[in-house]
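See structure below.
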Amino acid sequence: EGNTHVFAFSVRGEIKEESILYSLTAVRHVISLKLEQRHMASAMEEARLIQESLLPALSPVFAGFDIAGRSCPAEIVGGDLFDYLPLSDRLLGIAIADASGHGLQAALLARDVITGLRMGGCEELAIATIVERLNGVIHRAALSSRFISLFYAHVHPDGALDYCNAGQSPPLLLH
C-alpha cells in the first residue's frame, strides 16, 4: 500500500491479444506471489519478535541453584518457550510450554500462557489452582484447533519441587 509500480512492455510484430493477455496474467501472478511472500516474511518476523520478547533475558538468582535456560526454534519461529517467575525469596516458579503449530498463532498462544502465569502465579495459590485458572482463560480465548502443553513448577530452597505437567514432555532435572 502506498507504493505505485509502473511496468511498461513493448510488443514487436503482430499483436496477438490472447498471447499478450496470457503474458500479462503470468506477470501479475508472479508479482502477487512476491507480495504475498513479503507479507508472510513480515508476519513470521513479527512472530519471532513476540516469541523472543517472552523469553527471560537473564536467569534468576535463587539461593543454592545454578539456573540457565535456552530456546532454539526448529524453524524461524515456533511455540516453544520457558520462563522464570520469582515469587519470593522462598519460591521460584518455572514454566516450560509448547504451543501447537508454528508462526504467529503459536507465538500469540504462548504469549497468552506466559502472561497468564505472570499475572496469576503467586506463592499463596496451589499450582493446580494456578494451572486450572490459566486453562480456563486459554480455553476460552484459543481456537479449538490450537492447544498448548505446559510444565509449571515451584522450586523451594531445599530442592523440593511442586509441579503440574499438562501434556508437556517430562523435563530433565540436573543436580
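Each chain in the C-alpha cells gets a letter, A, B, ..., in the order shown, and its residues are numbered from 1; ligands are numbered from 1 in order too.
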
message: With only C-alpha atoms as the counted atoms, please give the residues lying no more than 12 Å from Pro60 (chain A), apart from itself and same-chain residues fewer than 5 positions off, as a ChimeraX atom specification.
response: /A:65-69,83-89,91-94

- request: Name all residues at most 6 Å from region 104-115 of chain A (count only C-alpha atoms; drop same-chain ones fewer than 6 positions away) and give them as an MDAnalysis selection string.
  value: chainID A and resid 47 51 79

task: Would you work out the distance separating CA of Gly116 (chain A) from CA of His39 (chain A), expressed in Å to one decimal?
output: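 CA of His39 (chain A) lies at a distance of 29.6 Å from CA of Gly116 (chain A).
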
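Among the candidate residues A:Gly136, A:Pro170, A:Gly120, A:Gly13, the one lying nearest to Ile96 (chain A) is A:Pro170, with distances computed using only C-alpha atoms.
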